[in-house]
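File shown: coords_36.tsv. Contents: TSV, C-alpha atoms.
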chain	number	residue	atom	x	y	z
A	1	MET	CA	-13.93	31.03	4.81
A	2	THR	CA	-12.85	27.88	6.65
A	3	ALA	CA	-9.15	27.79	7.56
A	4	ALA	CA	-7.05	25.15	5.80
A	5	LEU	CA	-6.19	22.01	7.73
A	6	ARG	CA	-2.52	21.97	8.73
A	7	VAL	CA	-0.57	18.88	7.66
A	8	GLY	CA	2.71	17.64	9.11
A	9	LEU	CA	4.95	15.28	7.16
A	10	LEU	CA	7.15	12.83	9.06
A	11	GLY	CA	9.88	11.82	6.64
A	12	TYR	CA	10.98	13.54	3.44
A	13	GLY	CA	11.78	10.55	1.29
A	14	TRP	CA	10.29	9.71	-2.08
A	15	VAL	CA	6.67	9.12	-1.07
A	16	ASN	CA	6.23	12.24	1.06
A	17	ARG	CA	8.32	14.43	-1.23
A	18	THR	CA	6.90	13.43	-4.62
A	19	VAL	CA	3.49	11.89	-3.92
A	20	TRP	CA	1.98	13.63	-0.90
A	21	LEU	CA	3.59	17.08	-0.76
A	22	PRO	CA	2.51	18.28	-4.25
A	23	ARG	CA	-1.03	17.02	-3.65
A	24	ILE	CA	-1.24	18.66	-0.25
A	25	ARG	CA	-0.12	21.96	-1.76
A	26	ARG	CA	-2.73	21.72	-4.51
A	27	HIS	CA	-5.60	20.74	-2.23
A	28	PRO	CA	-7.91	23.65	-1.29
A	29	ARG	CA	-8.52	22.30	2.23
A	30	LEU	CA	-4.93	21.42	3.16
A	31	ASP	CA	-1.78	23.37	3.96
A	32	LEU	CA	1.74	22.20	4.80
A	33	ALA	CA	2.57	23.08	8.42
A	34	ALA	CA	5.73	21.17	9.28
A	35	VAL	CA	8.22	18.56	8.07
A	36	HIS	CA	10.55	16.47	10.22
A	37	ASP	CA	13.32	14.35	8.77
A	38	PRO	CA	16.78	14.37	10.40
A	39	GLU	CA	18.34	13.73	6.99
A	40	ALA	CA	16.49	16.52	5.15
A	41	ALA	CA	17.24	19.79	6.92
A	42	ASP	CA	16.53	21.68	3.68
A	43	ALA	CA	12.94	20.38	3.40
A	44	PRO	CA	10.19	23.02	3.34
A	45	ALA	CA	8.92	23.89	6.83
A	46	ALA	CA	11.66	21.68	8.30
A	47	MET	CA	11.58	21.41	12.09
A	48	SER	CA	13.17	19.46	14.90
A	49	TRP	CA	11.23	16.57	16.40
A	50	THR	CA	10.21	18.72	19.36
A	51	GLY	CA	9.31	21.64	17.14
A	52	PHE	CA	7.28	19.37	14.90
A	53	LEU	CA	5.15	18.10	17.76
A	54	ASP	CA	4.84	21.56	19.30
A	55	ALA	CA	3.53	22.88	15.97
A	56	ARG	CA	0.51	20.59	16.54
A	57	PRO	CA	-0.58	19.92	12.94
A	58	ASP	CA	-4.21	18.93	12.43
A	59	VAL	CA	-3.00	15.67	10.89
A	60	VAL	CA	0.39	13.99	10.45
A	61	VAL	CA	1.34	11.83	7.44
A	62	ILE	CA	4.06	9.27	8.16
A	63	GLY	CA	6.20	8.21	5.20
A	64	THR	CA	9.32	6.79	6.86
A	65	PRO	CA	11.03	3.37	6.74
A	66	ASN	CA	8.63	0.55	7.59
A	67	HIS	CA	10.20	-0.43	10.90
A	68	THR	CA	9.58	3.08	12.33
A	69	HIS	CA	5.87	3.30	11.50
A	70	ALA	CA	4.45	1.88	14.71
A	71	ALA	CA	6.74	3.82	17.08
A	72	LEU	CA	6.30	7.14	15.30
A	73	ALA	CA	2.53	6.74	14.99
A	74	SER	CA	2.31	5.92	18.70
A	75	ALA	CA	4.33	9.00	19.62
A	76	VAL	CA	2.12	11.31	17.56
A	77	LEU	CA	-1.12	9.70	18.75
A	78	GLU	CA	0.00	10.19	22.35
A	79	ARG	CA	0.00	13.94	21.61
A	80	GLY	CA	-3.63	13.67	20.52
A	81	ILE	CA	-2.83	14.31	16.84
A	82	PRO	CA	-4.56	12.18	14.13
A	83	VAL	CA	-2.16	10.12	12.03
A	84	VAL	CA	-2.09	8.81	8.45
A	85	VAL	CA	0.51	6.06	7.92
A	86	GLU	CA	1.95	4.83	4.64
A	87	LYS	CA	1.55	1.12	4.10
A	88	PRO	CA	2.47	-1.11	5.75
A	89	LEU	CA	0.84	0.34	8.84
A	90	CYS	CA	2.89	-2.02	11.01
A	91	LEU	CA	4.64	-5.38	10.97
A	92	SER	CA	2.45	-7.48	13.28
A	93	ARG	CA	-1.05	-7.84	14.68
A	94	ALA	CA	0.38	-7.07	18.13
A	95	GLU	CA	1.59	-3.68	16.86
A	96	PHE	CA	-1.75	-3.13	15.14
A	97	ASP	CA	-3.73	-3.74	18.33
A	98	THR	CA	-1.52	-1.34	20.29
A	99	LEU	CA	-1.95	1.37	17.66
A	100	ALA	CA	-5.71	0.84	17.44
A	101	GLU	CA	-6.02	1.25	21.21
A	102	ARG	CA	-3.93	4.45	21.22
A	103	ALA	CA	-5.97	5.84	18.33
A	104	ARG	CA	-9.23	5.78	20.29
A	105	GLY	CA	-10.69	9.27	20.33
A	106	VAL	CA	-7.84	10.57	18.13
A	107	GLY	CA	-7.79	8.90	14.70
A	108	LEU	CA	-5.58	6.56	12.69
A	109	LEU	CA	-5.77	5.99	8.94
A	110	VAL	CA	-3.74	3.83	6.56
A	111	SER	CA	-2.94	5.14	3.11
A	112	ARG	CA	-5.18	2.93	0.93
A	113	ALA	CA	-4.89	4.41	-2.54
A	114	ALA	CA	-5.61	1.14	-4.37
A	115	VAL	CA	-9.10	0.64	-2.95
A	116	ARG	CA	-9.98	4.20	-4.03
A	117	ARG	CA	-9.30	3.51	-7.71
A	118	GLU	CA	-12.28	3.88	-10.02
A	119	ASP	CA	-11.52	0.62	-11.87
A	120	ILE	CA	-11.52	-1.27	-8.56
A	121	ARG	CA	-14.88	0.26	-7.69
A	122	ARG	CA	-16.19	-0.87	-11.10
A	123	LEU	CA	-14.95	-4.40	-10.50
A	124	ALA	CA	-16.43	-4.52	-6.99
A	125	GLY	CA	-19.79	-3.47	-8.41
A	126	THR	CA	-20.04	-6.39	-10.85
A	127	LEU	CA	-18.87	-9.45	-8.91
A	128	PRO	CA	-20.04	-12.96	-9.88
A	129	PRO	CA	-21.90	-15.11	-7.36
A	130	GLY	CA	-19.84	-16.65	-4.55
A	131	PRO	CA	-18.00	-18.34	-3.12
A	132	LEU	CA	-15.31	-16.46	-5.01
A	133	THR	CA	-11.78	-17.28	-6.06
A	134	VAL	CA	-9.57	-14.23	-6.58
A	135	ARG	CA	-6.21	-14.28	-8.34
A	136	ALA	CA	-4.45	-10.97	-7.78
A	137	SER	CA	-1.05	-9.99	-9.15
A	138	TRP	CA	1.17	-6.95	-9.50
A	139	LEU	CA	4.20	-7.83	-11.62
A	140	ARG	CA	6.95	-5.49	-12.68
A	141	ALA	CA	9.33	-6.24	-15.51
A	142	GLY	CA	12.04	-4.60	-13.41
A	143	GLY	CA	11.49	-2.28	-10.50
A	144	VAL	CA	13.63	-3.26	-7.53
A	145	PRO	CA	14.24	-0.34	-5.15
A	146	ARG	CA	17.86	0.70	-4.74
A	147	PRO	CA	19.94	-2.20	-3.35
A	148	GLY	CA	21.41	-1.31	0.01
A	149	SER	CA	18.65	1.16	0.88
A	150	TRP	CA	16.28	0.67	3.81
A	151	PHE	CA	13.74	-0.63	1.30
A	152	THR	CA	15.82	-3.74	0.56
A	153	GLY	CA	16.96	-4.51	4.11
A	154	ARG	CA	14.88	-6.96	6.12
A	155	ALA	CA	15.66	-5.25	9.43
A	156	THR	CA	14.26	-1.93	8.20
A	157	ALA	CA	11.66	-2.95	5.60
A	158	GLY	CA	10.41	-6.14	7.24
A	159	GLY	CA	9.64	-7.68	3.87
A	160	GLY	CA	10.07	-6.98	0.19
A	161	ALA	CA	7.76	-7.05	-2.82
A	162	LEU	CA	5.03	-8.97	-1.02
A	163	LEU	CA	4.80	-6.35	1.73
A	164	ASP	CA	5.29	-3.40	-0.63
A	165	LEU	CA	3.07	-4.23	-3.63
A	166	GLY	CA	1.22	-7.06	-1.92
A	167	TRP	CA	-0.31	-4.77	0.70
A	168	HIS	CA	-2.31	-3.02	-2.05
A	169	LEU	CA	-3.28	-6.32	-3.68
A	170	ALA	CA	-4.39	-7.85	-0.39
A	171	ASP	CA	-6.42	-4.78	0.57
A	172	VAL	CA	-8.34	-4.93	-2.72
A	173	ALA	CA	-8.67	-8.73	-2.90
A	174	LEU	CA	-9.87	-9.13	0.68
A	175	GLY	CA	-12.48	-6.45	0.03
A	176	LEU	CA	-13.71	-8.32	-3.04
A	177	LEU	CA	-14.00	-11.48	-0.95
A	178	GLY	CA	-15.86	-9.69	1.83
A	179	ARG	CA	-12.97	-10.12	4.30
A	180	PRO	CA	-13.89	-13.64	5.45
A	181	ARG	CA	-12.02	-15.36	8.27
A	182	LEU	CA	-8.67	-16.78	7.22
A	183	VAL	CA	-8.41	-20.58	7.53
A	184	THR	CA	-5.14	-21.64	5.89
A	185	VAL	CA	-2.26	-19.84	4.21
A	186	ALA	CA	0.90	-20.87	2.36
A	187	ALA	CA	3.56	-18.61	0.86
A	188	GLU	CA	6.65	-18.77	-1.33
A	189	LEU	CA	9.27	-16.01	-1.45
A	190	ARG	CA	12.03	-15.64	-4.03
A	191	THR	CA	15.08	-13.72	-2.91
A	192	PRO	CA	17.78	-12.38	-5.25
A	193	GLY	CA	19.92	-15.11	-6.71
A	194	GLY	CA	16.97	-17.44	-7.25
A	195	GLU	CA	15.89	-18.70	-10.67
A	196	HIS	CA	14.48	-15.87	-12.77
A	197	ALA	CA	11.75	-17.02	-15.14
A	198	GLY	CA	12.31	-14.47	-17.87
A	199	GLY	CA	16.07	-14.64	-18.07
A	200	HIS	CA	16.33	-10.87	-18.61
A	201	THR	CA	18.40	-8.46	-16.55
A	202	PRO	CA	16.14	-6.81	-13.94
A	203	GLY	CA	16.02	-3.03	-13.81
A	204	ARG	CA	15.59	-0.61	-10.96
A	205	ALA	CA	12.57	1.53	-10.08
A	206	ALA	CA	13.87	4.51	-12.03
A	207	TRP	CA	10.64	6.51	-11.76
A	208	ARG	CA	11.31	6.74	-8.00
A	209	GLY	CA	14.65	8.36	-8.68
A	210	ASP	CA	16.44	5.25	-7.43
A	211	THR	CA	20.07	5.15	-8.44
A	212	ALA	CA	21.99	1.95	-9.05
A	213	GLY	CA	23.07	0.47	-5.73
A	214	THR	CA	25.62	-2.12	-4.72
A	215	GLY	CA	24.37	-2.98	-1.25
A	216	PRO	CA	22.59	-6.14	-0.14
A	217	VAL	CA	19.01	-7.12	-0.95
A	218	ASP	CA	17.88	-9.52	1.77
A	219	VAL	CA	14.14	-9.27	1.19
A	220	GLU	CA	12.10	-11.11	-1.43
A	221	VAL	CA	11.78	-9.67	-4.92
A	222	ASP	CA	8.88	-12.00	-5.76
A	223	GLY	CA	6.29	-13.48	-3.41
A	224	THR	CA	3.19	-15.66	-3.78
A	225	VAL	CA	0.46	-16.33	-1.21
A	226	ARG	CA	-2.25	-18.98	-1.37
A	227	ALA	CA	-5.04	-18.63	1.16
A	228	GLU	CA	-8.35	-20.30	1.92
A	229	PHE	CA	-11.14	-18.70	3.92
A	230	GLU	CA	-14.25	-19.67	5.80
A	231	GLY	CA	-17.14	-20.23	3.41
A	232	GLY	CA	-14.98	-21.55	0.58
A	233	ALA	CA	-13.41	-18.30	-0.70
A	234	ARG	CA	-9.88	-18.58	-2.07
A	235	LEU	CA	-7.08	-16.17	-2.88
A	236	VAL	CA	-3.88	-16.53	-4.89
A	237	LEU	CA	-1.77	-13.39	-4.70
A	238	ARG	CA	1.58	-12.67	-6.35
A	239	ALA	CA	3.68	-9.51	-6.06
A	240	ALA	CA	7.02	-9.10	-7.85
A	241	TRP	CA	9.50	-6.26	-8.22
A	242	GLU	CA	11.02	-8.22	-11.11
A	243	SER	CA	9.34	-10.93	-13.16
A	244	GLU	CA	8.80	-12.50	-16.57
A	245	VAL	CA	6.45	-9.77	-17.87
A	246	ALA	CA	7.52	-7.12	-20.38
A	247	THR	CA	4.99	-4.50	-19.22
A	248	ASP	CA	4.34	-3.67	-15.56
A	249	ARG	CA	0.89	-5.09	-14.93
A	250	THR	CA	-1.71	-5.36	-12.18
A	251	ARG	CA	-4.44	-7.96	-12.67
A	252	PHE	CA	-7.42	-9.25	-10.72
A	253	VAL	CA	-9.22	-12.38	-11.88
A	254	VAL	CA	-12.45	-13.07	-9.99
A	255	GLU	CA	-14.33	-16.35	-10.53
A	256	GLY	CA	-17.60	-17.53	-9.05
A	257	GLY	CA	-20.22	-19.94	-10.34
A	258	ALA	CA	-19.92	-20.01	-14.13
A	259	GLU	CA	-18.83	-16.36	-14.32
A	260	ARG	CA	-15.48	-14.63	-14.52
A	261	ARG	CA	-14.24	-11.02	-14.26
A	262	VAL	CA	-10.76	-9.83	-15.25
A	263	LEU	CA	-9.43	-6.35	-14.50
A	264	THR	CA	-6.08	-5.49	-16.06
A	265	GLY	CA	-4.12	-2.24	-15.70
A	266	THR	CA	-1.10	-0.82	-13.91
A	267	PHE	CA	-1.14	0.43	-10.33
A	268	GLY	CA	1.31	3.06	-9.16
A	269	PHE	CA	3.63	5.39	-11.05
A	270	SER	CA	5.65	3.17	-13.36
A	271	PRO	CA	5.74	4.58	-16.93
A	272	ASN	CA	5.94	1.01	-18.31
A	273	ARG	CA	2.16	0.64	-18.26
A	274	VAL	CA	-0.54	-1.53	-19.82
A	275	ALA	CA	-1.56	0.29	-23.00
A	276	GLU	CA	-5.29	-0.40	-22.77
A	277	PRO	CA	-6.57	-1.09	-19.23
A	278	ALA	CA	-9.83	-3.01	-19.34
A	279	LEU	CA	-12.49	-4.86	-17.37
A	280	THR	CA	-13.71	-8.04	-19.03
A	281	ALA	CA	-16.72	-10.10	-17.95
A	282	TRP	CA	-17.64	-13.64	-18.97
A	283	GLY	CA	-20.92	-15.37	-18.14
A	284	PRO	CA	-23.11	-18.13	-19.55
A	285	GLY	CA	-23.49	-17.09	-23.17
A	286	SER	CA	-22.14	-13.57	-22.61
A	287	TYR	CA	-18.91	-11.63	-23.03
A	288	ARG	CA	-18.22	-7.94	-22.48
A	289	ARG	CA	-15.01	-5.91	-22.49
A	290	VAL	CA	-14.86	-2.29	-21.38
A	291	THR	CA	-11.72	-0.17	-21.65
A	292	LEU	CA	-11.12	2.08	-18.67
A	293	PRO	CA	-9.18	5.31	-18.20
A	294	ASP	CA	-6.11	4.91	-16.01
A	295	PRO	CA	-4.58	8.34	-15.33
A	296	VAL	CA	-1.30	8.01	-13.44
A	297	GLY	CA	-1.66	8.94	-9.78
A	298	ARG	CA	-5.42	9.51	-9.77
A	299	GLU	CA	-5.87	7.09	-6.85
A	300	TYR	CA	-3.47	9.21	-4.79
A	301	ASP	CA	-5.57	12.29	-5.53
A	302	ALA	CA	-8.48	10.35	-4.07
A	303	GLN	CA	-6.39	9.36	-1.05
A	304	VAL	CA	-5.48	12.99	-0.35
A	305	GLU	CA	-9.19	13.84	-0.49
A	306	ALA	CA	-9.72	11.10	2.10
A	307	ILE	CA	-6.95	12.61	4.25
A	308	ALA	CA	-8.75	15.95	4.17
A	309	ASP	CA	-12.01	14.26	5.18
A	310	PHE	CA	-10.19	12.38	7.94
A	311	ALA	CA	-8.58	15.54	9.32
A	312	SER	CA	-11.93	17.34	9.28
A	313	GLY	CA	-13.64	14.48	11.14
A	314	THR	CA	-15.97	13.39	8.33
A	315	LEU	CA	-14.32	10.04	7.43
A	316	ASP	CA	-15.22	6.80	9.23
A	317	TRP	CA	-11.60	5.95	10.02
A	318	GLU	CA	-12.53	3.20	12.50
A	319	ALA	CA	-14.26	1.23	9.74
A	320	GLU	CA	-11.24	1.69	7.45
A	321	LEU	CA	-8.85	0.64	10.20
A	322	ALA	CA	-10.86	-2.52	10.82
A	323	GLU	CA	-10.51	-3.40	7.14
A	324	SER	CA	-6.74	-2.88	7.34
A	325	ALA	CA	-6.57	-5.40	10.19
A	326	ALA	CA	-7.40	-8.20	7.74
A	327	VAL	CA	-4.44	-7.17	5.55
A	328	VAL	CA	-2.08	-7.25	8.54
A	329	ASP	CA	-3.34	-10.71	9.52
A	330	LEU	CA	-2.95	-12.17	6.01
A	331	LEU	CA	0.54	-10.82	5.39
A	332	GLU	CA	1.83	-11.66	8.85
A	333	ALA	CA	0.55	-15.23	8.41
A	334	ALA	CA	2.05	-15.45	4.91
A	335	TYR	CA	5.54	-14.41	6.01
A	336	ARG	CA	5.37	-16.80	8.95
A	337	ALA	CA	4.31	-19.63	6.63
A	338	SER	CA	7.21	-18.86	4.28
A	339	GLY	CA	9.75	-19.34	7.07
A	340	ARG	CA	10.76	-15.67	6.94
A	341	PRO	CA	8.55	-13.94	9.54
A	342	LEU	CA	8.43	-10.16	9.40
A	343	ALA	CA	11.41	-8.80	11.29
A	344	LEU	CA	10.53	-6.54	14.20
A	345	PRO	CA	12.89	-3.89	15.59
A	346	GLU	CA	13.80	-4.05	19.25
A	347	SER	CA	13.30	-0.29	19.57
A	348	THR	CA	12.98	2.75	17.37
A	349	ALA	CA	14.23	6.15	18.48
A	350	VAL	CA	12.09	9.17	17.70
Would you encode the structure as structure tokens?
Amino acid sequence: MTAALRVGLLGYGWVNRTVWLPRIRRHPRLDLAAVHDPEAADAPAAMSWTGFLDARPDVVVIGTPNHTHAALASAVLERGIPVVVEKPLCLSRAEFDTLAERARGVGLLVSRAAVRREDIRRLAGTLPPGPLTVRASWLRAGGVPRPGSWFTGRATAGGGALLDLGWHLADVALGLLGRPRLVTVAAELRTPGGEHAGGHTPGRAAWRGDTAGTGPVDVEVDGTVRAEFEGGARLVLRAAWESEVATDRTRFVVEGGAERRVLTGTFGFSPNRVAEPALTAWGPGSYRRVTLPDPVGREYDAQVEAIADFASGTLDWEAELAESAAVVDLLEAAYRASGRPLALPESTAV
């Protein structure tokens, strides 16, 4: 019998505690080896930073505040340990290039649950002829992370809804477009206090266990990107923690030639979900609508399977990392175009 692959968790916040840990424990090829989080001494298998590295897990999953991702990943890679990083992998192309170089011969993977969804695979398998225009959106009725937490601080998160939800949208949309070279980009960000289209009182992301907070929110709660690519492809992407919708909704509209595809559902864990997720296709003289199953969290089951493959050396992580580079480039350019470039920390202690 093959021994289970030993997983280390850096950070014991919501994503590692409620998304990755239960799935690691259920997976037949994975076993929890160590956890390091200075603020969670009671976590299972809790260890000091030195003890964590000395335990030498087969793979480390990083689920810490955004501004620490690059420094922590670098430190683990320098020990020759493969790393999986929660999105965003990093906050600039310069950080990306440094990480990619340090990952040579070791292994670096970004958590890419959205592209592993079955409905996304169905959409990708029935694209209209190009050049394509993709309109991608993930809108929440109300789901702002706790005000005053690292998630809502620009110095620690880098960005808000566009970086958080928009990373998933961009990863999927760029894949649908074939990841062409970016030509132009424009972006608009709405920060708290701006005009709210729906007029309702926004709620918090209660399914994350977020309590009501009174601290500042200095990242955007709603962001839109418009991009044009070589070959005529276009992308309009909108991500919002609070918006005019009544039901949290993720939608991809793909148009090319005289054909159109629309995929509607709800990514993530929000219980306020689209009741009947569906893929609809229009063409000359044709119309077809197919309802699709959308079990909550299934894409994260698929991501954990990918982590097991990565740790065992059977996943082409270099190809996946190259695809993530396009996401970094688009989002970095979008924040720069908005006048609010992603904030980078001067240093991060580990």
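Rounded to one decimal, CA of Val15 in chain A and CA of Arg122 in chain A lie 26.9 Å from each other.
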Minimum-distance residue to His67 in chain A, chosen among A:Leu342, A:Ala170, A:Ala187, A:Ala34 (using all atoms listed in the file): A:Leu342
Long-range neighbours of Glu39 in chain A as a compact mmCIF listing (two decimals) with C-alpha atoms, in the coordinates of the input, 12 Å cut-off, all atoms listed in the file, 6 positions minimum in chain:
# COMPACT_ATOMS: atom_id res chain seq x y z
CA LEU A 10 7.15 12.83 9.06
CA GLY A 11 9.88 11.82 6.64
CA TYR A 12 10.98 13.54 3.44
CA GLY A 13 11.78 10.55 1.29
CA ALA A 46 11.66 21.68 8.30
CA MET A 47 11.58 21.41 12.09
CA SER A 48 13.17 19.46 14.90
CA THR A 64 9.32 6.79 6.86
Distance of CA of Phe96 in chain A from CA of Val7 in chain A, expressed in Å to one decimal place: 23.3 Å
Distance of CA of Trp138 in chain A from CA of Ala227 in chain A, expressed in Å to one decimal place: 17.0 Å
Residues within 12 Å of Asp329 in chain A, all atoms listed in the file, excluding chain neighbours under 4 positions, as number ranges by chain: A: 88-97, 167, 170-171, 174, 179-185, 227, 322-325, 333-336, 342
Ala157 in chain A environment, 10 Å, all atoms listed in the file, sequence neighbours closer than 2 positions dropped, as a short mmCIF file (atom, residue, chain, number, x, y, z; two decimals) with C-alpha atoms, keeping the file's coordinate frame:
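Written file, out_21.cif:
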data_model
loop_
_atom_site.label_atom_id
_atom_site.label_comp_id
_atom_site.auth_asym_id
_atom_site.auth_seq_id
_atom_site.Cartn_x
_atom_site.Cartn_y
_atom_site.Cartn_z
CA PRO A 65 11.03 3.37 6.74
CA ASN A 66 8.63 0.55 7.59
CA HIS A 67 10.20 -0.43 10.90
CA THR A 68 9.58 3.08 12.33
CA PRO A 88 2.47 -1.11 5.75
CA LEU A 91 4.64 -5.38 10.97
CA SER A 149 18.65 1.16 0.88
CA TRP A 150 16.28 0.67 3.81
CA PHE A 151 13.74 -0.63 1.30
CA THR A 152 15.82 -3.74 0.56
CA GLY A 153 16.96 -4.51 4.11
CA ARG A 154 14.88 -6.96 6.12
CA ALA A 155 15.66 -5.25 9.43
CA GLY A 159 9.64 -7.68 3.87
CA GLY A 160 10.07 -6.98 0.19
CA LEU A 163 4.80 -6.35 1.73
CA ASP A 164 5.29 -3.40 -0.63
CA ASP A 218 17.88 -9.52 1.77
CA VAL A 219 14.14 -9.27 1.19
CA LEU A 342 8.43 -10.16 9.40
CA ALA A 343 11.41 -8.80 11.29
CA LEU A 344 10.53 -6.54 14.20
#
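Near Leu263 in chain A, within a cut-off of 7 Å and counting only C-alpha atoms, sit the residues A:Arg251, A:Phe252, A:Val253, A:Arg261, A:Gly265, A:Ala278, A:Leu279, A:Thr280, with same-chain residues fewer than 2 positions away left out.
Candidate residues A:Asp42, A:Asp309, A:Asp119, A:Asp301 were compared for distance to Arg29 in chain A, and the nearest is A:Asp309, using only C-alpha atoms.
Taking all atoms listed in the file into account, Thr264 in chain A lies nearest to A:Leu123 out of the set A:Leu123, A:Val60, A:Leu53, A:Leu177.
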Residue neighbourhood His27 in chain A, 9 Å, only C-alpha atoms, exclusion window fewer than 5 positions, as a list of chain:residue names: A:Pro22, A:Val304, A:Glu305, A:Ala308
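Nearest residue to Lys87 in chain A, choosing from A:Gly105, A:Gly158, A:Pro28, A:Gly142 and counting only C-alpha atoms: A:Gly158.
Closest to Phe267 in chain A among A:Val106, A:Ile62, A:Leu169, A:Ala40 is A:Leu169, based on all atoms listed in the file.
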Nearest to Val236 in chain A by atom-to-atom distance, counting all atoms listed in the file, from A:Thr156, A:Ser270, A:Thr133, A:Thr291: A:Thr133
Within 9 Å of file point (-2.2, -18.8, -2.7), counting all atoms listed in the file, expressed as a VMD selection string: chain A and resid 135 185 to 188 224 to 228 234 to 238
